[in-house]
$ cat query-v6.txt   # compact mmCIF, C-alpha atoms
# COMPACT_ATOMS: atom_id res chain seq x y z
CA MET A 1 0.00 0.00 0.00
CA ALA A 2 1.41 3.42 -0.94
CA HIS A 3 1.97 6.02 1.77
CA SER A 4 1.91 9.79 1.42
CA GLY A 5 4.81 12.02 2.50
CA MET A 6 2.69 13.13 5.49
CA ASP A 7 2.20 9.60 6.71
CA VAL A 8 1.49 9.63 10.46
CA GLY A 9 2.18 6.86 12.91
CA VAL A 10 5.70 5.93 11.75
CA SER A 11 7.74 5.05 14.80
CA ASP A 12 11.43 5.67 14.20
CA GLU A 13 13.89 5.59 17.06
CA ARG A 14 17.36 6.83 16.12
CA ASP A 15 20.56 8.18 17.57
CA LEU A 16 21.07 11.58 16.00
CA GLY A 17 24.45 13.22 16.43
CA CYS A 18 25.83 16.68 15.99
CA VAL A 19 29.61 16.82 15.69
CA GLN A 20 31.36 20.13 15.68
CA VAL A 21 34.89 20.48 14.39
CA GLY A 22 36.31 23.89 15.02
CA SER A 23 40.07 23.91 14.58
CA SER A 24 40.85 20.35 15.59
CA THR A 25 38.27 20.49 18.35
CA THR A 26 35.47 17.96 18.45
CA PHE A 27 32.48 18.36 20.70
CA GLY A 28 29.57 16.03 20.35
CA PHE A 29 26.17 15.19 21.68
CA VAL A 30 23.72 12.47 20.85
CA VAL A 31 19.97 12.89 21.01
CA LYS A 32 17.64 9.90 21.11
CA GLN A 33 14.03 10.64 20.34
CA ARG A 34 11.11 8.53 19.16
CA LEU A 35 9.65 10.19 16.12
CA HIS A 36 6.01 9.48 15.31
CA SER A 37 5.76 11.05 11.89
CA ARG A 38 7.94 11.84 8.94
CA MET A 39 7.08 15.50 9.30
CA SER A 40 8.25 15.58 12.91
CA HIS A 41 11.37 13.73 11.81
CA PHE A 42 12.01 16.42 9.20
CA VAL A 43 11.42 19.28 11.65
CA PHE A 44 13.68 17.69 14.24
CA ILE A 45 16.51 17.24 11.73
CA ILE A 46 16.25 20.88 10.67
CA SER A 47 16.34 21.95 14.32
CA LEU A 48 19.36 19.77 14.99
CA LEU A 49 21.22 21.15 12.00
CA THR A 50 20.53 24.67 13.22
CA VAL A 51 22.00 23.85 16.63
CA CYS A 52 25.02 22.26 14.94
CA ALA A 53 25.62 25.42 12.94
CA ILE A 54 25.47 27.54 16.09
CA ILE A 55 27.94 25.30 17.91
CA SER A 56 30.26 25.22 14.91
CA PHE A 57 30.31 29.03 14.85
CA SER A 58 31.02 29.25 18.57
CA SER A 59 34.06 27.00 18.24
CA GLY A 60 35.81 29.30 15.80
CA GLN A 61 35.44 27.09 12.76
CA GLN A 62 34.18 30.26 11.12
CA ARG A 63 35.82 33.62 11.79
CA SER A 64 33.66 35.89 13.91
CA VAL A 65 33.22 39.22 12.15
CA ASN A 66 32.49 40.83 15.52
CA ILE A 67 36.02 40.38 16.85
CA THR A 68 37.82 43.59 15.97
CA ASP A 69 41.55 44.18 15.78
CA ASP A 70 41.17 46.52 18.77
CA ALA A 71 39.67 43.68 20.81
CA LEU A 72 42.61 41.44 19.94
CA LEU A 73 45.11 44.16 20.78
CA GLU A 74 43.40 44.73 24.13
CA ILE A 75 43.26 41.08 25.17
CA SER A 76 46.84 40.36 24.10
CA SER A 77 48.16 43.36 26.04
CA ARG A 78 46.16 42.23 29.08
CA LEU A 79 47.61 38.71 28.79
CA TYR A 80 51.14 40.11 28.70
CA ALA A 81 50.35 42.05 31.87
CA LEU A 82 49.13 38.84 33.52
CA ASP A 83 52.18 36.83 32.47
CA VAL A 84 53.86 36.64 35.88
CA ASN A 85 55.67 33.45 34.87
CA GLY A 86 57.42 35.18 31.99
CA ALA A 87 61.21 35.30 32.19
CA TYR A 88 61.64 38.58 30.30
CA ASP A 89 63.96 40.38 32.74
CA GLN A 90 65.75 37.21 33.76
CA LEU A 91 67.31 36.49 30.37
CA GLU A 92 70.43 38.16 29.02
CA LEU A 93 71.12 37.83 25.31
CA ASN A 94 74.35 37.90 23.33
CA LEU A 95 72.97 39.36 20.12
CA GLN A 96 76.43 39.91 18.57
CA SER A 97 76.40 40.64 14.82
CA ARG A 98 73.48 41.26 12.51
CA THR A 99 73.11 38.89 9.60
CA SER A 100 70.57 38.29 6.83
CA SER A 101 68.01 35.61 6.10
CA GLY A 102 69.67 32.85 4.10
CA ASN A 103 73.21 33.75 5.21
CA ARG A 104 74.92 30.57 6.37
CA VAL A 105 78.00 32.32 7.74
CA ASP A 106 78.19 32.14 11.53
CA LYS A 107 78.36 35.74 12.68
CA ALA A 108 77.79 34.93 16.33
CA PRO A 109 80.56 32.82 17.89
CA LEU A 110 78.94 32.99 21.33
CA PRO A 111 75.60 31.44 22.41
CA LEU A 112 72.48 33.61 22.15
CA PHE A 113 71.56 33.04 25.81
CA LYS A 114 74.46 34.42 27.83
CA ASN A 115 73.72 32.61 31.09
CA GLY A 116 72.40 29.36 29.62
CA ILE A 117 69.39 27.61 31.10
CA PRO A 118 67.50 29.73 33.66
CA LYS A 119 67.02 26.94 36.21
CA ASN A 120 64.95 29.04 38.60
CA VAL A 121 62.49 29.71 35.77
CA PHE A 122 62.38 26.15 34.51
CA SER A 123 61.42 24.87 37.96
CA ARG A 124 58.06 26.66 37.66
CA PRO A 125 55.14 24.28 37.00
CA THR A 126 54.24 25.19 33.42
CA TYR A 127 57.88 25.14 32.29
CA GLU A 128 58.68 21.95 34.15
CA LYS A 129 55.65 20.14 32.74
CA MET A 130 56.31 21.38 29.22
CA LEU A 131 59.94 20.30 29.28
CA SER A 132 58.81 16.75 30.11
CA LEU A 133 56.96 16.65 26.77
CA PHE A 134 59.91 17.42 24.54
CA ASP A 135 61.17 13.83 24.37
CA ASN A 136 57.76 12.42 23.44
CA TYR A 137 58.05 13.02 19.72
CA LEU A 138 59.60 11.49 16.63
CA ALA A 139 61.30 14.41 14.93
CA SER A 140 60.58 13.31 11.38
CA VAL A 141 57.10 14.00 9.99
CA ASN A 142 57.55 10.81 7.94
CA GLU A 143 57.09 8.65 11.02
CA THR A 144 53.71 7.93 12.62
CA GLU A 145 53.45 9.05 16.23
CA GLN A 146 52.33 6.46 18.79
CA VAL A 147 51.12 8.29 21.89
CA THR A 148 51.61 6.17 25.02
CA PRO A 149 49.46 6.37 28.19
CA GLN A 150 52.41 7.98 29.99
CA GLU A 151 52.70 10.64 27.30
CA LYS A 152 48.97 11.35 27.53
CA ALA A 153 49.36 11.72 31.29
CA GLU A 154 52.21 14.18 30.75
CA GLU A 155 50.07 16.20 28.33
CA ALA A 156 47.27 16.28 30.91
CA ALA A 157 49.68 17.37 33.67
CA PHE A 158 50.97 20.19 31.45
CA PHE A 159 47.46 21.43 30.74
CA ASP A 160 46.52 21.20 34.42
CA ALA A 161 49.44 23.51 35.19
CA VAL A 162 48.58 25.86 32.32
CA PHE A 163 44.91 26.05 33.34
CA ALA A 164 45.88 27.09 36.85
CA THR A 165 47.32 30.38 35.51
CA GLU A 166 45.56 33.72 35.26
CA VAL A 167 46.65 33.95 31.62
CA ILE A 168 44.53 30.97 30.58
CA LYS A 169 41.64 31.99 32.82
CA ALA A 170 41.52 35.39 31.08
CA THR A 171 41.84 33.68 27.70
CA HIS A 172 38.89 31.44 28.50
CA LYS A 173 36.76 34.38 29.60
CA PHE A 174 37.56 36.28 26.40
CA LEU A 175 36.77 33.33 24.11
CA VAL A 176 33.51 32.60 25.92
CA ALA A 177 32.48 36.24 25.47
CA GLN A 178 33.24 35.91 21.76
CA ARG A 179 31.24 32.65 21.53
CA LEU A 180 34.36 30.73 20.56
CA ALA A 181 34.50 28.51 23.64
CA GLU A 182 32.11 26.94 26.11
CA SER A 183 31.93 28.27 29.66
CA ASN A 184 32.59 24.81 31.10
CA VAL A 185 36.29 24.71 31.97
CA GLU A 186 36.75 21.00 31.26
CA ARG A 187 35.21 21.36 27.81
CA PHE A 188 37.45 24.34 27.10
CA LYS A 189 40.43 22.31 28.24
CA GLU A 190 39.43 19.54 25.85
CA GLN A 191 39.05 22.10 23.06
CA LEU A 192 42.61 23.36 23.57
CA ARG A 193 43.93 19.84 24.06
CA ASN A 194 42.58 18.85 20.66
CA ILE A 195 44.00 22.00 19.08
CA TRP A 196 47.47 21.44 20.50
CA PHE A 197 47.85 17.67 20.68
CA GLY A 198 45.53 16.43 17.94
CA LEU A 199 47.53 14.41 15.41
CA TYR A 200 47.43 14.99 11.66
CA GLN A 201 49.56 14.42 8.57
CA ARG A 202 52.34 16.54 7.15
CA ALA A 203 53.58 13.61 5.07
CA PRO A 204 51.31 11.27 3.05
CA GLY A 205 50.06 8.30 5.06
CA LYS A 206 51.88 9.30 8.26
CA GLN A 207 49.89 10.75 11.16
CA GLY A 208 53.05 12.13 12.66
CA SER A 209 52.51 15.73 13.68
CA SER A 210 50.76 17.99 16.16
CA VAL A 211 51.04 21.73 16.42
CA PHE A 212 52.58 21.43 19.88
CA GLU A 213 55.42 19.38 18.41
CA HIS A 214 55.75 21.78 15.49
CA VAL A 215 55.78 25.05 17.44
CA PHE A 216 57.70 24.03 20.56
CA PRO A 217 60.23 21.20 20.11
CA GLY A 218 60.17 21.46 16.30
CA GLU A 219 60.28 18.74 13.66
CA PHE A 220 61.95 17.87 10.39
CA LYS A 221 60.35 18.08 6.96
CA ASN A 222 62.78 18.97 4.20
CA GLY A 223 64.75 20.79 6.87
CA ILE A 224 63.74 22.29 10.21
CA SER A 225 60.01 22.85 10.51
CA GLY A 226 58.65 25.01 13.30
CA LEU A 227 60.73 25.36 16.50
CA HIS A 228 59.51 28.78 17.59
CA SER A 229 60.12 28.29 21.31
CA TRP A 230 62.82 30.11 23.25
CA VAL A 231 62.56 27.37 25.89
CA ARG A 232 63.47 24.73 23.32
CA PHE A 233 66.15 26.97 21.84
CA VAL A 234 67.98 27.58 25.11
CA THR A 235 67.85 23.92 26.20
CA GLU A 236 69.23 22.69 22.87
CA GLU A 237 71.79 25.50 22.70
CA ALA A 238 73.05 24.47 26.15
CA LYS A 239 73.59 20.94 24.81
CA GLY A 240 75.41 22.23 21.75
CA ASP A 241 72.69 21.06 19.35
CA ILE A 242 71.53 24.54 18.26
CA ASN A 243 73.88 27.07 16.72
CA TYR A 244 72.86 30.73 16.80
CA LEU A 245 74.22 32.47 13.68
CA GLY A 246 73.30 36.09 14.37
CA TYR A 247 70.09 38.11 14.24
CA THR A 248 68.27 39.88 11.42
CA ARG A 249 65.84 41.93 13.55
CA THR A 250 64.73 42.32 17.17
CA MET A 251 61.81 44.04 18.85
CA SER A 252 60.85 45.02 22.39
CA ILE A 253 57.36 44.22 23.60
CA GLY A 254 57.67 46.26 26.81
CA LYS A 255 59.15 43.47 28.92
CA GLY A 256 62.87 42.86 28.83
CA ALA A 257 65.29 44.33 26.28
CA VAL A 258 64.24 41.91 23.53
CA GLY A 259 60.78 40.40 23.20
CA LEU A 260 61.02 39.07 19.65
CA ILE A 261 63.96 37.95 17.56
CA GLU A 262 64.23 37.01 13.91
CA MET A 263 67.25 34.97 12.78
CA PRO A 264 68.70 32.06 10.85
CA MET A 265 69.93 29.05 12.85
CA LYS A 266 71.20 25.50 12.73
CA PHE A 267 69.66 22.62 14.67
CA LEU A 268 71.47 19.28 14.70
CA GLY A 269 73.51 20.59 11.78
CA VAL A 270 70.40 21.38 9.71
CA TYR A 271 70.12 24.97 8.53
CA LYS A 272 66.96 27.09 8.81
CA PRO A 273 67.23 30.40 6.94
CA HIS A 274 64.54 32.26 8.84
CA SER A 275 62.93 31.76 12.23
CA THR A 276 61.24 33.92 14.85
CA LEU A 277 61.01 33.44 18.61
CA MET A 278 59.21 35.14 21.44
CA ILE A 279 61.81 35.74 24.13
CA GLY A 280 60.91 35.21 27.79
CA SER A 281 57.20 34.50 27.30
CA SER A 282 55.75 31.73 29.44
CA PRO A 283 54.32 28.52 27.95
CA GLU A 284 50.81 29.59 28.96
CA LEU A 285 51.12 32.95 27.21
CA GLU A 286 52.22 31.36 23.95
CA ILE A 287 49.45 28.74 24.16
CA ALA A 288 46.95 31.53 24.84
CA LEU A 289 48.01 33.91 22.08
CA TYR A 290 48.37 31.25 19.41
CA SER A 291 45.00 29.71 20.35
CA ILE A 292 43.21 33.05 20.23
CA CYS A 293 44.73 33.86 16.85
CA PHE A 294 43.82 30.44 15.44
CA LEU A 295 40.21 30.81 16.55
CA THR A 296 39.81 34.44 15.47
CA ARG A 297 42.19 34.88 12.53
CA PRO A 298 42.85 31.42 11.03
CA ASP A 299 45.19 31.35 8.04
CA SER A 300 45.93 35.05 8.40
CA LEU A 301 47.75 37.69 10.42
CA CYS A 302 46.52 38.41 13.94
CA PRO A 303 47.32 41.76 15.63
CA ILE A 304 49.09 41.55 19.00
CA LYS A 305 50.16 44.16 21.49
CA GLY A 306 52.70 43.73 24.27
CA ASN A 307 52.98 45.90 27.35
CA ALA A 308 52.84 49.53 26.25
CA THR A 309 55.90 51.66 26.95
CA SER A 310 56.24 55.40 26.45
CA GLY A 311 56.83 56.28 22.81
CA ILE A 312 57.57 52.71 21.75
CA SER A 313 55.23 50.60 19.63
CA THR A 314 54.84 47.11 21.01
CA ARG A 315 52.56 45.87 18.25
CA TYR A 316 53.38 42.84 16.15
CA GLN A 317 51.45 40.04 14.47
CA ILE A 318 51.01 36.31 14.77
CA GLN A 319 50.66 34.28 11.61
CA THR A 320 48.59 31.09 11.81
CA PHE A 321 48.19 28.38 9.21
CA VAL A 322 45.40 25.81 9.09
CA SER A 323 46.01 22.17 8.17
CA LYS A 324 43.10 19.97 7.10
CA PHE A 325 43.00 16.25 7.81
CA GLN A 326 40.09 13.81 7.63
CA GLY A 327 37.57 16.63 7.38
CA ARG A 328 38.93 18.49 10.40
CA ARG A 329 40.75 21.78 10.70
CA PHE A 330 43.97 21.72 12.71
CA LEU A 331 46.32 24.48 13.72
CA GLY A 332 49.26 23.71 11.45
CA SER A 333 51.65 26.44 12.55
CA ALA A 334 51.76 29.68 14.52
CA PHE A 335 54.61 32.13 14.97
CA PRO A 336 55.27 35.82 15.59
CA THR A 337 56.14 38.19 12.76
CA PHE A 338 57.07 41.85 12.79
$ encode --input "query-v6.txt" --output "structure tokens"
Amino acid sequence: MAHSGMDVGVSDERDLGCVQVGSSTTFGFVVKQRLHSRMSHFVFIISLLTVCAIISFSSGQQRSVNITDDALLEISSRLYALDVNGAYDQLELNLQSRTSSGNRVDKAPLPLFKNGIPKNVFSRPTYEKMLSLFDNYLASVNETEQVTPQEKAEEAAFFDAVFATEVIKATHKFLVAQRLAESNVERFKEQLRNIWFGLYQRAPGKQGSSVFEHVFPGEFKNGISGLHSWVRFVTEEAKGDINYLGYTRTMSIGKGAVGLIEMPMKFLGVYKPHSTLMIGSSPELEIALYSICFLTRPDSLCPIKGNATSGISTRYQIQTFVSKFQGRRFLGSAFPTF
């Protein structure tokens, strides 16, 4: 017997899911409802899709047109002010000679960091927990990463330390206000965990990269890829594995003599013609700024302001790049530029 499209009395029990992927973040919920007509089924699906779209927007999968450059400058300056774990005034640099991007001649016979590893700084929780992660990765993007339970526990311990800071608390509040994060702290933590530790491919068939590995310890893909962390730089320089070759440009951000440095370098004998580092910023500040820029200005330049000083501009930009893998958007890279 034929049935019309308005057929009533159809009982259809289904699990309906809405999965949001903003950045590499995945939130999900499942709704189970007994539907008694095709029309109600249709209406429910439309309603669910509407909710999905709203959640997708709030995660930052789409850029919010309401987030102005002034808002980003204000929140970044506020985060710098809150960065009590920063080591800005506790680091002394040997800048030595200026060089140029692509110049392989070593114009800096001395290390960049005059006093080596700042042990009093690295004993602080966020530094200590981050340093424990550096040996968790295979440097080549051509090798698939196998994340062990111990490594997952170390990631969780690092995020616990980061989330205890005022920098991340202020970041969370800002992103909630912009509808780019949920107010629930554990869900926000999961959002950032997926952004920073979610695995994706930089080489065909090899799920061997995360943006944490790329930005902080660095990796190898046709040369050095990433490594934008002063913490990684100073630890490897102390071991003799990084060679500072001179600087091309520096900039003050209102804390310490040098807040940003642009330079060529060698790591394990491999040359990188151009790299930029924030100098003295805490792990939580870098996580915060890069996350905000990924969620608000993906694949573009994001305006940042350090601590204002009289007559000196402390504005610079963060460049983010998006990587797509299995239908998801991941933070592929993030670094300062000026």
$ closest_residue --input "query-v6.txt" --among "A:Ser300, A:Asp241, A:Val147, A:Val185" --to "Gly269 of chain A" --atoms "only C-alpha atoms"
A:Asp241
$ closest_residue --input "query-v6.txt" --among "A:Asn307, A:Ser77, A:Ser209, A:Thr337" --to "Leu260 of chain A" --atoms "all atoms listed in the file"
A:Thr337
$ residues_around --input "query-v6.txt" --residues "Phe216 of chain A" --least-positions-apart "2" --cutoff "7 Å" --atoms "all atoms listed in the file" --output "NGL selection string"
:A and (212-214 or 218 or 227-229 or 232)
$ residues_around --input "query-v6.txt" --residues "segment 191-199 of chain A" --least-positions-apart "4" --cutoff "10 Å" --atoms "all atoms listed in the file" --output "PyMOL selection string"
chain A and resi 21-27+59+144-147+152+155-156+159+181-182+185-187+206-215+287-288+290-291+294-295+325+329-332
$ write_last_selection --input "query-v6.txt" --atoms "C-alpha atoms" --output "PDB file, keeping the file's coordinate frame"
ATOM      1  CA  VAL A  21      34.890  20.480  14.390  1.00  0.00           C
ATOM      2  CA  GLY A  22      36.310  23.890  15.020  1.00  0.00           C
ATOM      3  CA  SER A  23      40.070  23.910  14.580  1.00  0.00           C
ATOM      4  CA  SER A  24      40.850  20.350  15.590  1.00  0.00           C
ATOM      5  CA  THR A  25      38.270  20.490  18.350  1.00  0.00           C
ATOM      6  CA  THR A  26      35.470  17.960  18.450  1.00  0.00           C
ATOM      7  CA  PHE A  27      32.480  18.360  20.700  1.00  0.00           C
ATOM      8  CA  SER A  59      34.060  27.000  18.240  1.00  0.00           C
ATOM      9  CA  THR A 144      53.710   7.930  12.620  1.00  0.00           C
ATOM     10  CA  GLU A 145      53.450   9.050  16.230  1.00  0.00           C
ATOM     11  CA  GLN A 146      52.330   6.460  18.790  1.00  0.00           C
ATOM     12  CA  VAL A 147      51.120   8.290  21.890  1.00  0.00           C
ATOM     13  CA  LYS A 152      48.970  11.350  27.530  1.00  0.00           C
ATOM     14  CA  GLU A 155      50.070  16.200  28.330  1.00  0.00           C
ATOM     15  CA  ALA A 156      47.270  16.280  30.910  1.00  0.00           C
ATOM     16  CA  PHE A 159      47.460  21.430  30.740  1.00  0.00           C
ATOM     17  CA  ALA A 181      34.500  28.510  23.640  1.00  0.00           C
ATOM     18  CA  GLU A 182      32.110  26.940  26.110  1.00  0.00           C
ATOM     19  CA  VAL A 185      36.290  24.710  31.970  1.00  0.00           C
ATOM     20  CA  GLU A 186      36.750  21.000  31.260  1.00  0.00           C
ATOM     21  CA  ARG A 187      35.210  21.360  27.810  1.00  0.00           C
ATOM     22  CA  LYS A 206      51.880   9.300   8.260  1.00  0.00           C
ATOM     23  CA  GLN A 207      49.890  10.750  11.160  1.00  0.00           C
ATOM     24  CA  GLY A 208      53.050  12.130  12.660  1.00  0.00           C
ATOM     25  CA  SER A 209      52.510  15.730  13.680  1.00  0.00           C
ATOM     26  CA  SER A 210      50.760  17.990  16.160  1.00  0.00           C
ATOM     27  CA  VAL A 211      51.040  21.730  16.420  1.00  0.00           C
ATOM     28  CA  PHE A 212      52.580  21.430  19.880  1.00  0.00           C
ATOM     29  CA  GLU A 213      55.420  19.380  18.410  1.00  0.00           C
ATOM     30  CA  HIS A 214      55.750  21.780  15.490  1.00  0.00           C
ATOM     31  CA  VAL A 215      55.780  25.050  17.440  1.00  0.00           C
ATOM     32  CA  ILE A 287      49.450  28.740  24.160  1.00  0.00           C
ATOM     33  CA  ALA A 288      46.950  31.530  24.840  1.00  0.00           C
ATOM     34  CA  TYR A 290      48.370  31.250  19.410  1.00  0.00           C
ATOM     35  CA  SER A 291      45.000  29.710  20.350  1.00  0.00           C
ATOM     36  CA  PHE A 294      43.820  30.440  15.440  1.00  0.00           C
ATOM     37  CA  LEU A 295      40.210  30.810  16.550  1.00  0.00           C
ATOM     38  CA  PHE A 325      43.000  16.250   7.810  1.00  0.00           C
ATOM     39  CA  ARG A 329      40.750  21.780  10.700  1.00  0.00           C
ATOM     40  CA  PHE A 330      43.970  21.720  12.710  1.00  0.00           C
ATOM     41  CA  LEU A 331      46.320  24.480  13.720  1.00  0.00           C
ATOM     42  CA  GLY A 332      49.260  23.710  11.450  1.00  0.00           C
TER      43      GLY A 332
END
$ residues_around --input "query-v6.txt" --residues "segment 99-115 of chain A" --least-positions-apart "3" --cutoff "9 Å" --atoms "all atoms listed in the file" --output "ChimeraX atom specification"
/A:91-96,118,234,237-238,243-249,262-266,271-275
$ residues_around --input "query-v6.txt" --residues "Phe122 of chain A" --least-positions-apart "4" --cutoff "10 Å" --atoms "all atoms listed in the file" --output "count of residues only"
11
$ closest_residue --input "query-v6.txt" --among "A:Gly226, A:Ser323, A:Ser252, A:Gly116" --to "Tyr200 of chain A" --atoms "only C-alpha atoms"
A:Ser323
$ atom_distance --input "query-v6.txt" --atom1 "atom CA of Ile75 of chain A" --atom2 "atom CA of Glu286 of chain A"
13.3 Å
$ closest_atom_pairs --input "query-v6.txt" --of "segment 172-275 of chain A" --to "segment 78-84 of chain A" --cutoff "10 Å" --atoms "only C-alpha atoms" --output "Markdown table"
| residue | atom | partner | partner_atom | distance |
| --- | --- | --- | --- | --- |
| A:Ile253 | CA | A:Tyr80 | CA | 9.0 |
| A:Gly254 | CA | A:Tyr80 | CA | 9.2 |
| A:Lys255 | CA | A:Tyr80 | CA | 8.7 |
$ write_last_selection --input "query-v6.txt" --atoms "C-alpha atoms" --output "PDB file, in the coordinates of the input"
ATOM      1  CA  ILE A 253      57.360  44.220  23.600  1.00  0.00           C
ATOM      2  CA  GLY A 254      57.670  46.260  26.810  1.00  0.00           C
ATOM      3  CA  LYS A 255      59.150  43.470  28.920  1.00  0.00           C
TER       4      LYS A 255
END
$ closest_residue --input "query-v6.txt" --among "A:Asp69, A:Glu151, A:Glu236, A:Glu166" --to "Glu284 of chain A" --atoms "all atoms listed in the file"
A:Glu166
$ residues_around --input "query-v6.txt" --residues "Gly256 of chain A" --least-positions-apart "6" --cutoff "8 Å" --atoms "all atoms listed in the file" --output "number ranges by chain"
A: 88-89, 91, 280
$ write_last_selection --input "query-v6.txt" --atoms "C-alpha atoms" --output "PDB file, in the frame of the given file"
ATOM      1  CA  TYR A  88      61.640  38.580  30.300  1.00  0.00           C
ATOM      2  CA  ASP A  89      63.960  40.380  32.740  1.00  0.00           C
ATOM      3  CA  LEU A  91      67.310  36.490  30.370  1.00  0.00           C
ATOM      4  CA  GLY A 280      60.910  35.210  27.790  1.00  0.00           C
TER       5      GLY A 280
END
$ atom_distance --input "query-v6.txt" --atom1 "atom CA of Thr296 of chain A" --atom2 "atom CA of Phe188 of chain A"
15.6 Å
$ closest_residue --input "query-v6.txt" --among "A:Ser132, A:Ile261, A:Phe267, A:Glu74" --to "Lys239 of chain A" --atoms "all atoms listed in the file"
A:Phe267
$ atom_distance --input "query-v6.txt" --atom1 "atom CA of Thr171 of chain A" --atom2 "atom CA of Val322 of chain A"
20.5 Å
$ closest_residue --input "query-v6.txt" --among "A:Leu285, A:Gly240, A:Ala334, A:Pro217" --to "Tyr137 of chain A" --atoms "only C-alpha atoms"
A:Pro217
$ build_atoms --input "query-v6.txt" --residues "segment 261-267 of chain A" --atoms "all heavy atoms" --output "compact mmCIF listing (two decimals), in the coordinates of the input"
# COMPACT_ATOMS: atom_id res chain seq x y z
N ILE A 261 62.72 38.00 18.34
CA ILE A 261 63.96 37.95 17.56
C ILE A 261 63.72 37.16 16.28
O ILE A 261 63.00 36.16 16.28
CB ILE A 261 65.13 37.34 18.37
CG1 ILE A 261 66.44 37.45 17.59
CG2 ILE A 261 64.84 35.91 18.79
CD1 ILE A 261 67.68 37.12 18.42
N GLU A 262 64.30 37.66 15.22
CA GLU A 262 64.23 37.01 13.91
C GLU A 262 65.66 36.67 13.50
O GLU A 262 66.56 37.51 13.62
CB GLU A 262 63.61 37.99 12.92
CG GLU A 262 63.46 37.50 11.50
CD GLU A 262 62.90 38.60 10.61
OE1 GLU A 262 61.66 38.71 10.53
OE2 GLU A 262 63.71 39.36 10.03
N MET A 263 65.87 35.43 13.00
CA MET A 263 67.25 34.97 12.78
C MET A 263 67.29 33.70 11.95
O MET A 263 66.30 32.96 11.88
CB MET A 263 67.90 34.69 14.13
CG MET A 263 67.18 33.59 14.88
SD MET A 263 67.75 33.37 16.56
CE MET A 263 66.56 32.13 17.10
N PRO A 264 68.44 33.40 11.35
CA PRO A 264 68.70 32.06 10.85
C PRO A 264 69.31 31.22 11.96
O PRO A 264 69.79 31.77 12.97
CB PRO A 264 69.71 32.30 9.72
CG PRO A 264 70.46 33.52 10.17
CD PRO A 264 69.49 34.35 10.96
N MET A 265 69.32 29.90 11.82
CA MET A 265 69.93 29.05 12.85
C MET A 265 70.23 27.67 12.28
O MET A 265 69.79 27.32 11.18
CB MET A 265 68.99 28.91 14.05
CG MET A 265 67.71 28.17 13.76
SD MET A 265 66.72 27.95 15.26
CE MET A 265 65.31 27.06 14.62
N LYS A 266 70.97 26.90 13.06
CA LYS A 266 71.20 25.50 12.73
C LYS A 266 70.78 24.65 13.92
O LYS A 266 71.08 24.98 15.08
CB LYS A 266 72.67 25.23 12.42
CG LYS A 266 73.11 25.65 11.03
CD LYS A 266 74.55 25.21 10.77
CE LYS A 266 74.99 25.58 9.35
NZ LYS A 266 76.39 25.16 9.09
N PHE A 267 70.08 23.57 13.64
CA PHE A 267 69.66 22.62 14.67
C PHE A 267 70.08 21.23 14.22
O PHE A 267 69.69 20.78 13.15
CB PHE A 267 68.15 22.69 14.88
CG PHE A 267 67.60 21.72 15.89
CD1 PHE A 267 68.30 21.41 17.05
CD2 PHE A 267 66.38 21.11 15.69
CE1 PHE A 267 67.80 20.52 17.99
CE2 PHE A 267 65.85 20.21 16.62
CZ PHE A 267 66.57 19.92 17.76
